[in-house]
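Undergrad: Structure file data_11.txt, compact mmCIF, C-alpha atoms and all ligand atoms, is pasted below:
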```
# COMPACT_ATOMS: atom_id res chain seq x y z
CA MET M 1 0.00 0.00 0.00
CA ARG M 2 2.78 2.35 0.93
CA ARG M 3 4.62 1.49 -2.26
CA LEU M 4 1.47 2.10 -4.24
CA SER M 5 0.91 5.56 -2.79
CA THR M 6 4.52 6.56 -3.48
CA ALA M 7 4.04 5.51 -7.08
CA LEU M 8 0.84 7.48 -7.21
CA ILE M 9 2.51 10.60 -5.81
CA LEU M 10 5.38 10.26 -8.27
CA SER M 11 2.99 9.96 -11.18
CA LEU M 12 1.09 13.02 -9.98
CA LEU M 13 4.35 14.96 -9.76
CA ALA M 14 5.26 13.84 -13.26
CA CYS M 15 1.91 15.13 -14.44
CA SER M 16 2.36 18.53 -12.84
CA ALA M 17 5.77 18.91 -14.48
CA VAL M 18 4.18 18.88 -17.91
CA ALA M 19 1.05 20.83 -17.03
CA PHE M 20 0.46 24.34 -18.32
CA GLU M 21 2.98 26.65 -16.70
CA ARG M 22 1.67 29.82 -15.13
CA GLN M 23 3.68 32.88 -14.12
CA PRO M 24 3.39 34.13 -10.52
CA ASN M 25 0.10 35.94 -9.77
CA ASP M 26 2.00 39.24 -9.37
CA ALA M 27 3.05 39.20 -13.03
CA TYR M 28 -0.58 39.19 -14.18
CA ARG M 29 -1.66 41.66 -11.51
CA SER M 30 0.96 44.20 -12.62
CA ARG M 31 -0.26 43.90 -16.24
CA ARG M 32 -3.83 44.60 -15.10
CA GLU M 33 -2.71 47.61 -13.09
CA ARG M 34 -0.75 48.99 -16.03
CA LEU M 35 -3.84 48.56 -18.22
CA GLY M 36 -5.86 50.34 -15.51
CA GLN M 37 -3.48 53.31 -15.67
CA ARG M 38 -4.16 53.63 -19.40
CA LEU M 39 -7.94 53.67 -19.16
CA ASN M 40 -8.20 57.38 -18.24
CA GLY M 41 -10.80 56.58 -15.65
CA GLY M 42 -12.68 54.27 -18.01
CA VAL M 43 -13.62 50.66 -17.40
CA ALA M 44 -12.34 47.64 -19.32
CA VAL M 45 -14.64 44.65 -19.84
CA LEU M 46 -12.97 41.48 -21.13
CA PHE M 47 -14.31 38.00 -21.73
CA ALA M 48 -12.57 34.64 -21.70
CA ALA M 49 -13.17 32.20 -24.56
CA VAL M 50 -16.02 29.74 -24.15
CA GLU M 51 -15.76 25.99 -24.38
CA ALA M 52 -16.88 24.57 -27.69
CA GLU M 53 -20.33 23.01 -27.53
CA GLY M 54 -21.05 19.54 -28.83
CA GLN M 55 -18.77 16.56 -28.99
CA ASN M 56 -17.34 16.92 -32.46
CA SER M 57 -15.09 19.83 -31.77
CA ILE M 58 -11.70 19.01 -33.29
CA TYR M 59 -9.69 21.69 -31.59
CA GLY M 60 -9.40 21.78 -27.81
CA PHE M 61 -10.18 24.86 -25.75
CA ARG M 62 -7.77 27.74 -26.21
CA GLN M 63 -8.02 30.82 -24.01
CA ASN M 64 -8.48 34.30 -25.47
CA ASP M 65 -4.98 35.82 -25.70
CA ASN M 66 -5.73 39.15 -24.01
CA PHE M 67 -7.70 37.50 -21.22
CA TYR M 68 -4.86 35.02 -20.69
CA TYR M 69 -2.24 37.77 -20.76
CA LEU M 70 -4.07 39.67 -18.01
CA THR M 71 -5.02 36.72 -15.80
CA GLY M 72 -2.99 33.63 -16.68
CA LEU M 73 -6.27 31.74 -16.31
CA ARG M 74 -7.54 29.12 -18.71
CA ASP M 75 -11.05 29.04 -17.27
CA PRO M 76 -13.68 29.10 -20.02
CA GLY M 77 -16.59 31.52 -19.74
CA ALA M 78 -14.90 33.83 -17.23
CA ALA M 79 -14.94 37.63 -17.46
CA LEU M 80 -12.88 40.50 -16.14
CA VAL M 81 -13.70 44.08 -15.19
CA ILE M 82 -10.91 46.58 -14.59
CA ALA M 83 -11.78 50.10 -13.47
CA GLY M 84 -8.99 52.58 -13.97
CA PRO M 85 -8.27 54.99 -11.12
CA ALA M 86 -10.04 58.35 -11.53
CA GLU M 87 -9.73 61.67 -9.75
CA ALA M 88 -12.84 63.38 -8.39
CA SER M 89 -14.61 65.62 -10.91
CA GLY M 90 -17.96 67.42 -10.63
CA SER M 91 -20.40 65.23 -8.77
CA GLN M 92 -18.21 62.15 -9.28
CA PRO M 93 -16.06 61.17 -6.30
CA ALA M 94 -12.53 59.89 -6.84
CA ARG M 95 -12.29 56.19 -7.57
CA PRO M 96 -9.37 53.89 -6.83
CA TYR M 97 -8.21 51.11 -9.14
CA GLU M 98 -10.57 48.19 -8.92
CA GLU M 99 -10.63 44.74 -10.50
CA ILE M 100 -13.09 41.87 -10.32
CA LEU M 101 -12.81 38.40 -11.80
CA PHE M 102 -16.13 36.78 -12.69
CA LEU M 103 -16.36 32.99 -12.88
CA PRO M 104 -19.35 30.91 -14.00
CA ALA M 105 -21.06 29.02 -11.18
CA HIS M 106 -20.41 25.30 -10.91
CA ASN M 107 -22.55 23.05 -13.02
CA ARG M 108 -21.72 19.57 -11.72
CA SER M 109 -23.56 17.81 -14.50
CA GLN M 110 -21.67 19.76 -17.18
CA GLU M 111 -18.37 19.18 -15.34
CA LYS M 112 -18.82 15.43 -15.79
CA TRP M 113 -18.39 16.08 -19.51
CA THR M 114 -15.73 18.75 -19.62
CA GLY M 115 -13.88 18.40 -16.32
CA PRO M 116 -13.87 20.25 -12.98
CA LYS M 117 -13.92 24.02 -13.09
CA LEU M 118 -12.93 26.80 -10.73
CA ALA M 119 -15.78 28.87 -9.30
CA ALA M 120 -16.01 32.01 -7.18
CA ASP M 121 -17.12 30.17 -4.04
CA ASP M 122 -14.25 27.65 -4.10
CA ALA M 123 -12.05 27.89 -1.00
CA ASN M 124 -8.81 28.26 -2.99
CA VAL M 125 -10.04 30.84 -5.48
CA ALA M 126 -8.04 33.83 -4.19
CA ASP M 127 -4.74 31.91 -4.03
CA THR M 128 -5.30 30.32 -7.41
CA THR M 129 -6.27 33.45 -9.27
CA GLY M 130 -4.44 36.22 -7.41
CA PHE M 131 -7.60 38.33 -7.48
CA GLY M 132 -8.68 39.96 -4.22
CA ARG M 133 -12.23 40.03 -5.50
CA THR M 134 -13.91 37.19 -7.36
CA ALA M 135 -17.63 36.93 -8.00
CA VAL M 136 -20.03 34.62 -9.73
CA LEU M 137 -20.57 35.61 -13.37
CA ASP M 138 -24.27 36.31 -12.74
CA ARG M 139 -23.20 39.32 -10.60
CA MET M 140 -21.42 41.02 -13.47
CA ARG M 141 -24.33 43.21 -14.51
CA ASP M 142 -24.92 44.56 -10.99
CA GLU M 143 -21.22 45.20 -10.38
CA LEU M 144 -20.94 47.15 -13.63
CA VAL M 145 -23.92 49.30 -12.67
CA ARG M 146 -22.19 50.03 -9.37
CA ILE M 147 -18.76 50.73 -10.91
CA LEU M 148 -19.59 52.69 -14.08
CA PRO M 149 -19.77 56.45 -13.56
CA GLN M 150 -23.24 57.84 -14.24
CA PRO M 151 -24.40 59.05 -16.65
CA ALA M 152 -21.32 59.20 -18.92
CA ALA M 153 -18.71 56.47 -19.01
CA THR M 154 -16.05 55.02 -21.28
CA VAL M 155 -16.11 51.26 -21.69
CA PHE M 156 -13.10 49.57 -23.25
CA MET M 157 -14.12 46.31 -24.89
CA ASP M 158 -12.89 43.95 -27.59
CA GLN M 159 -13.95 45.57 -30.86
CA GLY M 160 -11.95 43.09 -32.91
CA GLY M 161 -14.91 40.80 -33.59
CA ASP M 162 -14.20 38.20 -30.90
CA SER M 163 -17.41 36.18 -30.73
CA ALA M 164 -17.28 35.44 -26.99
CA SER M 165 -16.87 39.14 -26.28
CA ASN M 166 -19.66 40.11 -28.67
CA ALA M 167 -22.02 37.65 -27.02
CA GLY M 168 -21.02 38.79 -23.54
CA MET M 169 -21.54 42.46 -24.34
CA GLN M 170 -24.95 41.70 -25.85
CA TRP M 171 -25.96 39.88 -22.70
CA LEU M 172 -24.90 42.86 -20.57
CA ARG M 173 -26.65 45.43 -22.78
CA ARG M 174 -29.83 43.40 -22.71
CA ALA M 175 -29.65 43.41 -18.90
CA ASN M 176 -29.23 47.22 -18.82
CA ALA M 177 -25.70 47.07 -17.45
CA PHE M 178 -24.63 50.36 -19.06
CA PRO M 179 -25.78 53.91 -18.51
CA ASN M 180 -27.20 55.90 -21.42
CA TYR M 181 -24.16 57.87 -22.45
CA VAL M 182 -21.51 55.23 -22.83
CA THR M 183 -18.61 55.66 -25.20
CA TYR M 184 -17.30 52.30 -26.37
CA ARG M 185 -13.65 52.04 -27.28
CA ASP M 186 -11.36 49.21 -28.36
CA VAL M 187 -9.29 47.65 -25.60
CA ASN M 188 -7.08 45.75 -28.07
CA ALA M 189 -4.67 48.58 -28.85
CA LEU M 190 -4.00 49.18 -25.14
CA VAL M 191 -3.35 45.51 -24.38
CA SER M 192 -1.29 45.07 -27.56
CA ASP M 193 1.01 47.88 -26.43
CA LEU M 194 1.63 46.03 -23.17
CA ARG M 195 2.08 42.68 -24.93
CA THR M 196 4.75 44.04 -27.27
CA VAL M 197 7.41 44.05 -24.55
CA LYS M 198 7.76 40.65 -22.89
CA ASP M 199 8.67 40.16 -19.23
CA ALA M 200 11.23 37.59 -18.07
CA GLY M 201 8.60 34.91 -17.47
CA GLU M 202 7.17 35.28 -20.96
CA ILE M 203 10.63 35.16 -22.51
CA GLU M 204 11.24 31.91 -20.65
CA LEU M 205 8.06 30.37 -22.09
CA VAL M 206 8.95 31.41 -25.65
CA ARG M 207 12.40 29.92 -25.04
CA LYS M 208 10.83 26.62 -24.01
CA ALA M 209 8.56 26.61 -27.07
CA THR M 210 11.62 27.34 -29.20
CA ASP M 211 13.94 24.75 -27.61
CA ALA M 212 11.32 22.01 -28.04
CA SER M 213 10.64 23.06 -31.63
CA VAL M 214 14.36 23.12 -32.46
CA GLU M 215 14.45 19.44 -31.47
CA GLY M 216 11.51 18.82 -33.82
CA HIS M 217 13.44 20.43 -36.67
CA LYS M 218 16.60 18.46 -35.85
CA ALA M 219 14.59 15.23 -35.95
CA ALA M 220 13.23 16.26 -39.35
CA MET M 221 16.75 16.94 -40.63
CA ARG M 222 17.86 13.48 -39.52
CA SER M 223 14.81 11.72 -40.95
CA ALA M 224 13.76 13.51 -44.16
CA ARG M 225 14.21 11.23 -47.15
CA SER M 226 12.71 10.43 -50.50
CA GLY M 227 9.42 8.53 -50.31
CA MET M 228 8.30 10.09 -47.04
CA THR M 229 5.07 12.09 -47.14
CA GLU M 230 5.02 15.70 -46.04
CA ASN M 231 2.45 14.72 -43.45
CA GLU M 232 4.74 12.08 -41.93
CA LEU M 233 7.45 14.67 -41.50
CA ALA M 234 4.97 17.09 -39.92
CA ALA M 235 3.78 14.33 -37.55
CA LEU M 236 7.34 13.52 -36.52
CA MET M 237 8.04 17.17 -35.70
CA LYS M 238 4.83 17.53 -33.69
CA TYR M 239 5.69 14.39 -31.75
CA GLU M 240 9.14 15.71 -30.90
CA PHE M 241 8.02 19.11 -29.61
CA GLU M 242 4.91 17.85 -27.88
CA ARG M 243 6.84 15.20 -25.96
CA ARG M 244 9.00 18.09 -24.77
CA GLY M 245 6.07 19.94 -23.22
CA CYS M 246 4.41 21.83 -26.06
CA GLU M 247 0.65 21.39 -25.95
CA LYS M 248 0.07 21.81 -29.69
CA PRO M 249 1.50 23.40 -32.82
CA ALA M 250 1.58 27.19 -32.61
CA TYR M 251 0.16 27.33 -36.16
CA ALA M 252 -0.77 24.91 -38.93
CA PRO M 253 2.55 23.27 -39.86
CA VAL M 254 3.81 24.13 -43.34
CA VAL M 255 5.69 21.18 -44.87
CA GLY M 256 6.04 21.75 -48.59
CA SER M 257 8.34 19.94 -51.00
CA GLY M 258 9.03 20.52 -54.67
CA LEU M 259 6.54 23.01 -56.14
CA ASN M 260 4.81 23.12 -52.73
CA SER M 261 7.96 24.76 -51.34
CA THR M 262 6.95 27.93 -53.20
CA VAL M 263 3.48 28.09 -51.56
CA LEU M 264 3.74 30.29 -48.47
CA HIS M 265 1.03 28.88 -46.25
CA TYR M 266 0.83 25.44 -47.83
CA SER M 267 -0.72 23.29 -45.14
CA GLN M 268 -2.09 20.27 -46.98
CA SER M 269 1.07 18.23 -46.38
CA SER M 270 -0.23 15.70 -48.88
CA GLY M 271 2.78 15.60 -51.20
CA MET M 272 5.68 13.17 -51.20
CA LEU M 273 9.33 14.01 -50.73
CA ARG M 274 11.50 13.29 -53.79
CA ASP M 275 15.24 13.28 -54.25
CA GLY M 276 16.34 16.47 -55.97
CA ASP M 277 13.58 18.56 -54.36
CA VAL M 278 13.85 20.89 -51.42
CA VAL M 279 11.33 20.80 -48.58
CA VAL M 280 10.34 23.92 -46.60
CA LEU M 281 9.50 23.23 -42.95
CA ASP M 282 7.73 26.13 -41.22
CA VAL M 283 6.81 24.38 -38.00
CA GLY M 284 6.73 25.47 -34.36
CA GLY M 285 5.07 24.43 -31.13
CA GLU M 286 3.15 26.34 -28.49
CA TYR M 287 4.36 26.04 -24.88
CA SER M 288 1.96 27.09 -22.12
CA GLY M 289 0.27 29.44 -24.54
CA TYR M 290 3.44 30.95 -26.04
CA ALA M 291 4.49 30.44 -29.64
CA THR M 292 7.71 30.18 -31.55
CA ASP M 293 8.19 30.41 -35.31
CA ILE M 294 10.97 28.52 -37.10
CA THR M 295 11.52 27.64 -40.76
CA ARG M 296 14.24 25.59 -42.39
CA THR M 297 14.65 24.42 -45.97
CA LEU M 298 16.23 21.00 -46.55
CA PRO M 299 17.49 19.20 -49.66
CA VAL M 300 15.54 15.94 -49.64
CA GLY M 301 18.48 13.82 -50.80
CA GLY M 302 20.83 15.39 -48.25
CA HIS M 303 22.68 17.62 -50.74
CA PHE M 304 21.62 20.86 -52.37
CA THR M 305 22.08 21.05 -56.14
CA THR M 306 24.35 23.88 -57.33
CA ARG M 307 21.33 26.05 -58.15
CA GLN M 308 19.51 25.25 -54.89
CA ARG M 309 22.67 26.04 -52.97
CA GLU M 310 23.06 29.36 -54.79
CA ILE M 311 19.51 30.46 -53.90
CA TYR M 312 19.82 29.06 -50.38
CA ASP M 313 23.01 31.03 -49.74
CA ILE M 314 21.34 34.25 -50.92
CA VAL M 315 18.45 33.74 -48.47
CA TYR M 316 20.95 32.94 -45.71
CA GLY M 317 22.99 36.01 -46.65
CA ALA M 318 19.87 38.19 -46.51
CA GLN M 319 19.08 36.97 -43.00
CA GLN M 320 22.68 37.57 -41.91
CA ALA M 321 22.59 41.08 -43.43
CA ALA M 322 19.44 41.94 -41.46
CA ILE M 323 20.99 40.53 -38.26
CA ALA M 324 24.17 42.56 -38.83
CA ALA M 325 22.17 45.74 -39.48
CA PHE M 326 20.12 45.39 -36.30
CA GLU M 327 20.31 48.26 -33.81
CA ALA M 328 18.07 48.31 -30.74
CA GLY M 329 16.00 51.49 -30.58
CA LYS M 330 16.44 52.13 -34.33
CA SER M 331 15.64 49.04 -36.38
CA THR M 332 12.03 48.39 -37.42
CA MET M 333 10.17 45.50 -39.04
CA SER M 334 7.89 47.16 -41.57
CA ARG M 335 8.75 47.63 -45.25
CA THR M 336 8.83 51.40 -45.37
CA SER M 337 9.56 52.76 -41.89
CA PRO M 338 12.97 54.28 -41.14
CA GLY M 339 15.42 51.63 -39.96
CA SER M 340 13.55 48.92 -41.90
CA LEU M 341 15.24 45.53 -41.65
CA PHE M 342 13.00 44.40 -44.52
CA ARG M 343 14.77 46.91 -46.77
CA VAL M 344 18.17 45.46 -45.82
CA ALA M 345 17.10 41.90 -46.63
CA TYR M 346 15.31 42.95 -49.82
CA GLU M 347 18.30 44.89 -51.15
CA TYR M 348 20.54 41.91 -50.43
CA ILE M 349 18.25 39.51 -52.32
CA ASN M 350 17.74 41.93 -55.18
CA SER M 351 21.48 42.48 -55.66
CA HIS M 352 22.54 38.81 -55.53
CA GLY M 353 21.79 36.17 -58.17
CA LYS M 354 19.35 36.15 -61.07
CA ASP M 355 16.31 34.17 -62.20
CA LEU M 356 16.31 32.02 -65.37
CA HIS M 357 15.60 35.16 -67.42
CA GLY M 358 18.50 37.18 -66.04
CA GLN M 359 16.21 39.26 -63.80
CA PRO M 360 17.03 40.20 -60.18
CA LEU M 361 15.46 38.12 -57.41
CA GLY M 362 13.73 40.81 -55.31
CA GLN M 363 10.42 40.04 -57.06
CA TYR M 364 10.53 36.51 -55.55
CA PHE M 365 10.71 37.76 -51.95
CA ILE M 366 6.95 38.05 -51.68
CA HIS M 367 6.24 38.39 -47.95
CA GLY M 368 7.28 40.52 -45.02
CA LEU M 369 10.56 39.93 -43.19
CA SER M 370 9.35 40.01 -39.62
CA HIS M 371 6.49 39.89 -37.15
CA PHE M 372 6.20 39.87 -33.37
CA VAL M 373 5.90 36.49 -31.62
CA GLY M 374 4.24 35.87 -28.24
CA LEU M 375 0.93 34.39 -27.18
CA SER M 376 0.09 34.51 -30.86
CA VAL M 377 2.55 33.45 -33.54
CA HIS M 378 1.74 36.74 -35.27
CA ASP M 379 1.60 38.73 -32.05
CA PRO M 380 -0.10 42.14 -32.18
CA GLY M 381 1.93 45.32 -32.04
CA ASP M 382 3.00 48.27 -34.17
CA PRO M 383 5.57 47.07 -36.77
CA THR M 384 6.81 50.61 -37.34
CA LEU M 385 8.03 50.89 -33.73
CA PRO M 386 11.78 50.73 -33.14
CA LEU M 387 12.66 47.32 -31.73
CA GLU M 388 13.44 47.56 -28.02
CA PRO M 389 14.67 45.19 -25.28
CA GLY M 390 12.05 42.58 -24.41
CA MET M 391 10.58 42.42 -27.91
CA ILE M 392 10.48 39.03 -29.66
CA PHE M 393 10.22 38.89 -33.44
CA THR M 394 11.16 36.84 -36.50
CA ILE M 395 13.64 37.46 -39.28
CA GLU M 396 12.52 35.31 -42.22
CA PRO M 397 13.69 36.13 -45.73
CA GLY M 398 12.59 33.85 -48.55
CA ILE M 399 12.83 33.37 -52.31
CA TYR M 400 10.08 31.47 -54.15
CA ILE M 401 10.55 30.62 -57.83
CA PRO M 402 7.65 28.37 -59.01
CA GLU M 403 9.25 28.05 -62.46
CA GLU M 404 12.15 26.23 -60.82
CA LYS M 405 10.00 24.40 -58.24
CA LEU M 406 12.29 26.07 -55.76
CA GLY M 407 11.27 27.82 -52.57
CA VAL M 408 13.68 28.67 -49.75
CA ARG M 409 12.84 30.31 -46.44
CA ILE M 410 15.01 30.58 -43.34
CA GLU M 411 13.26 31.86 -40.23
CA ASP M 412 14.44 32.30 -36.67
CA THR M 413 12.81 33.81 -33.61
CA PHE M 414 14.83 36.60 -31.99
CA LEU M 415 14.77 38.39 -28.66
CA VAL M 416 16.12 41.89 -28.13
CA GLY M 417 18.14 41.35 -24.95
CA ALA M 418 18.26 43.74 -22.01
CA ASP M 419 21.63 44.99 -23.34
CA GLY M 420 20.08 45.74 -26.75
CA LYS M 421 21.86 42.82 -28.41
CA LEU M 422 19.96 40.45 -30.64
CA VAL M 423 19.56 36.91 -29.27
CA ASN M 424 18.69 34.18 -31.78
CA LEU M 425 16.43 31.97 -29.65
CA SER M 426 16.42 29.23 -32.33
CA GLY M 427 20.13 29.63 -33.06
CA ALA M 428 20.91 26.09 -31.86
CA LEU M 429 19.33 24.79 -35.06
CA PRO M 430 21.77 24.69 -38.01
CA SER M 431 20.92 27.10 -40.80
CA LYS M 432 24.13 27.34 -42.87
CA ALA M 433 23.81 25.12 -45.96
CA GLY M 434 26.84 22.99 -45.08
CA GLU M 435 25.68 22.52 -41.48
CA VAL M 436 22.19 21.52 -42.60
CA GLU M 437 23.69 18.93 -44.96
CA ALA M 438 25.97 17.65 -42.20
CA MET M 439 23.02 17.23 -39.82
CA MET M 440 21.14 15.32 -42.54
CA ARG M 441 24.04 12.88 -42.97
CA ARG M 442 23.79 11.79 -39.33
MN MN M 501 6.81 33.68 -39.36
```
For the structure just supplied, provide its representation as structure tokens.
TA:
Amino acid sequence: MRRLSTALILSLLACSAVAFERQPNDAYRSRRERLGQRLNGGVAVLFAAVEAEGQNSIYGFRQNDNFYYLTGLRDPGAALVIAGPAEASGSQPARPYEEILFLPAHNRSQEKWTGPKLAADDANVADTTGFGRTAVLDRMRDELVRILPQPAATVFMDQGGDSASNAGMQWLRRANAFPNYVTYRDVNALVSDLRTVKDAGEIELVRKATDASVEGHKAAMRSARSGMTENELAALMKYEFERRGCEKPAYAPVVGSGLNSTVLHYSQSSGMLRDGDVVVLDVGGEYSGYATDITRTLPVGGHFTTRQREIYDIVYGAQQAAIAAFEAGKSTMSRTSPGSLFRVAYEYINSHGKDLHGQPLGQYFIHGLSHFVGLSVHDPGDPTLPLEPGMIFTIEPGIYIPEEKLGVRIEDTFLVGADGKLVNLSGALPSKAGEVEAMMRR
């Protein structure tokens, strides 16, 4: 019996080691307070995602990014009200910062289907959530009536078309939660601003997503061979990063060989790898909600042809040129803003090599160079902003020539370190042509 319980405890510990990791409650609390400071006395109303109804849902529950960023909670159906501090004006008294987490009441019959849930009357709710004030969701209408200044108020809500938020706001309006003269504004821009600069805990989670995904790519390099399907390679990569703690792919894996290598978001993975082709692998896992984004291009037979190698080296050179040009506080991601890294990579591609008609290659670099990475693989944020410490973004030049059935992309996820230096989070994965070939020989 004693032996059995030790085994049980060990297996429980093993489970908790691979569970969703959550940052300390303080990290989320400080994000909510910073949002509160930006509300100018207004009130933010945010909704968690809801659990899919029915039993045929293919994709598991995934929390709304902004709600997760502000709470670290994966509870479906929850809601959040944050009232920014306001000074006294006219008949309105001063108001301190206030926050309330709303949780749906237990429904024991439903929980038999979808698992136990946290509710506002659970004994551990304050410790678990880090909220001083938690209430049952049904109280949300009355609390808003109490909190919102009368008669005029500004309500910050999700105006980005999120269906859970739309439904929640409709429910509140129908219940007369809002005074007559409400101004509705979008909360997304405010939260995006906060999300653009990652804290140490977030950086750690992106690192874990990246480390696990690097192992997936290494496995692909060792295994890719003629006769394999694209889907088999994708499955192998998913297995490798999910066994290392990722809960799912951060985006639909792109595994495209031959002509498919020139299709940017090819996600059918139905083709077969053939000697003489290249295969583009744009595959990354999500770790406790945080994404990574990594692409490599492999020669299926283990050796690039002369022409493939020429194009590959130009893409590699373009990425290196952008890395070398990087300056914290000056460099930007967008095509046209001052300090554009895109420009650097584009000029490199356009001034090296030619297509079969003697034309420069810039026309075959058909996408952007960079995007932010975080809770979303294409994390929100202003791409014209100078890149600052704490920002995480990709550098991913590519050349796609359908006429030659040849597409090459090299993509790594970078962090701007506290010292302003660029850190290649996926740098442990070979990207130089010779190193990729060497890894494939193993
Ligand atoms: Mn990308």
Undergrad: May I ask for the distance between CA of Ala433 (chain M) and CA of Ser376 (chain M), given in Å to one decimal place?
TA: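 Result for CA of Ala433 (chain M) versus CA of Ser376 (chain M): 29.6 Å, one decimal.
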Undergrad: Report as a Markdown table the residues of chain M within 12 Å of ligand MN 501 (chain M), each with its shortest atom pair and distance in Å (one decimal), using all atoms listed in the file, ordered by chain and increasing residue number.
TA:
```
| residue | atom | partner | partner_atom | distance |
| --- | --- | --- | --- | --- |
| M:Ala250 | CA | M:MN501 | MN | 10.7 |
| M:Tyr251 | CA | M:MN501 | MN | 9.7 |
| M:Ala252 | CA | M:MN501 | MN | 11.6 |
| M:Pro253 | CA | M:MN501 | MN | 11.3 |
| M:Val254 | CA | M:MN501 | MN | 10.8 |
| M:Leu264 | CA | M:MN501 | MN | 10.2 |
| M:His265 | CA | M:MN501 | MN | 10.2 |
| M:Leu281 | CA | M:MN501 | MN | 11.4 |
| M:Asp282 | CA | M:MN501 | MN | 7.8 |
| M:Val283 | CA | M:MN501 | MN | 9.4 |
| M:Gly284 | CA | M:MN501 | MN | 9.6 |
| M:Ala291 | CA | M:MN501 | MN | 10.5 |
| M:Thr292 | CA | M:MN501 | MN | 8.6 |
| M:Asp293 | CA | M:MN501 | MN | 5.4 |
| M:Ile294 | CA | M:MN501 | MN | 7.0 |
| M:Thr295 | CA | M:MN501 | MN | 7.8 |
| M:Arg296 | CA | M:MN501 | MN | 11.4 |
| M:His367 | CA | M:MN501 | MN | 9.8 |
| M:Gly368 | CA | M:MN501 | MN | 8.9 |
| M:Leu369 | CA | M:MN501 | MN | 8.2 |
| M:Ser370 | CA | M:MN501 | MN | 6.8 |
| M:His371 | CA | M:MN501 | MN | 6.6 |
| M:Phe372 | CA | M:MN501 | MN | 8.6 |
| M:Val373 | CA | M:MN501 | MN | 8.3 |
| M:Gly374 | CA | M:MN501 | MN | 11.6 |
| M:Ser376 | CA | M:MN501 | MN | 10.9 |
| M:Val377 | CA | M:MN501 | MN | 7.2 |
| M:His378 | CA | M:MN501 | MN | 7.2 |
| M:Asp379 | CA | M:MN501 | MN | 10.3 |
| M:Ile392 | CA | M:MN501 | MN | 11.7 |
| M:Phe393 | CA | M:MN501 | MN | 8.6 |
| M:Thr394 | CA | M:MN501 | MN | 6.1 |
| M:Ile395 | CA | M:MN501 | MN | 7.8 |
| M:Glu396 | CA | M:MN501 | MN | 6.6 |
| M:Pro397 | CA | M:MN501 | MN | 9.7 |
| M:Gly398 | CA | M:MN501 | MN | 10.9 |
| M:Arg409 | CA | M:MN501 | MN | 9.9 |
| M:Ile410 | CA | M:MN501 | MN | 9.6 |
| M:Glu411 | CA | M:MN501 | MN | 6.8 |
| M:Asp412 | CA | M:MN501 | MN | 8.2 |
| M:Thr413 | CA | M:MN501 | MN | 8.3 |
| M:Phe414 | CA | M:MN501 | MN | 11.3 |
```
Undergrad: When you look at region 90-105 of chain M with a cut-off of 8 Å (counting all atoms listed in the file), what residues show up, excluding the ones that are within fewer than 4 positions of it in the same chain? I need them as number ranges by chain.
TA: M: 33, 36, 75, 77-86, 118-120, 131-140, 149
Undergrad: So how many Å separate CA of Asp65 (chain M) and CA of Asp193 (chain M), to one decimal?
TA: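 So the answer is 13.5 Å.
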Undergrad: Counting only C-alpha atoms, I want the residues whose atoms come within 12 Å of (-28.6, 47.2, -17.3) in the file frame, returned as a list in words.
TA: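 So the residues meeting the distance criterion are Arg139, Met140, Arg141, Asp142, Glu143, Leu144, Val145, Arg146, Leu148, Met169, Gln170, Trp171, Leu172, Arg173, Arg174, Ala175, Asn176, Ala177, Phe178, Pro179 and Asn180 of chain M.
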Undergrad: Which residues are near Thr332 (chain M)? Cut-off 12 Å, all atoms listed in the file, ignore same chain within fewer than 2 positions. Put them as a PyMOL selection string.
TA: chain M and resi 322-323+325-330+334-344+368-372+381-388+391+393-395
Undergrad: What does the distance from CA of Phe47 (chain M) to CA of Trp113 (chain M) come to in Å, to one decimal?
TA: 22.4 Å
Undergrad: Tell me which of M:Val187, M:Ala164, M:Val408, M:Cys246 sits closest to Gly216 (chain M), counting only C-alpha atoms.
TA: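 Between M:Val187, M:Ala164, M:Val408, M:Cys246, the residue approaching Gly216 (chain M) most closely is M:Cys246.
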Undergrad: Given 6 Å on each side, where is the centre and what are the edge lengths in Å to one decimal of the axis-aligned box enclosing the listed atoms of region 319-327 of chain M, as lines of an AutoDock Vina configuration file?
TA:
```
center_x = 21.6
center_y = 42.6
center_z = -38.6
size_x = 17.1
size_y = 23.3
size_z = 21.6
```
Undergrad: Find the residues around Val255 (chain M) up to 8 Å (only C-alpha atoms counted), leave out those fewer than 3 positions away in its own chain, and share them as a ChimeraX atom specification.
TA: /M:230-231,233-234,261,266-267,269,279-283
Undergrad: When you count only C-alpha atoms, which of these residues is closest to Lys432 (chain M): M:Leu298, M:Met272, M:Val125, M:Val416?
TA: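 Among M:Leu298, M:Met272, M:Val125, M:Val416, it is M:Leu298 that comes nearest to Lys432 (chain M).
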Undergrad: With all atoms listed in the file as the atoms that count, which of M:Leu406, M:Leu190, M:Ala235, M:Ala52 lies nearest to Asn66 (chain M)?
TA: M:Leu190
Undergrad: Using only C-alpha atoms for the distances, tell me which of M:Lys117, M:His357, M:Arg34, M:Arg442 is nearest to Val191 (chain M).
TA: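 Checking each of M:Lys117, M:His357, M:Arg34, M:Arg442 against Val191 (chain M), counting only C-alpha atoms, the winner is M:Arg34.
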Undergrad: Give me, as a ChimeraX atom specification, all polymer residues having an atom no more than 12 Å from Glu404 (chain M), counting all atoms listed in the file and skipping those fewer than 3 positions away in the same chain.
TA: /M:258-262,276-278,307-308,311,355-357,364,399-401,407-408
Undergrad: Rank M:Ser431, M:Ser331, M:Gln268, M:Asn25 by their smallest atom-to-atom distance to Gly201 (chain M), using all atoms listed in the file, and report the top residue only.
TA: M:Asn25
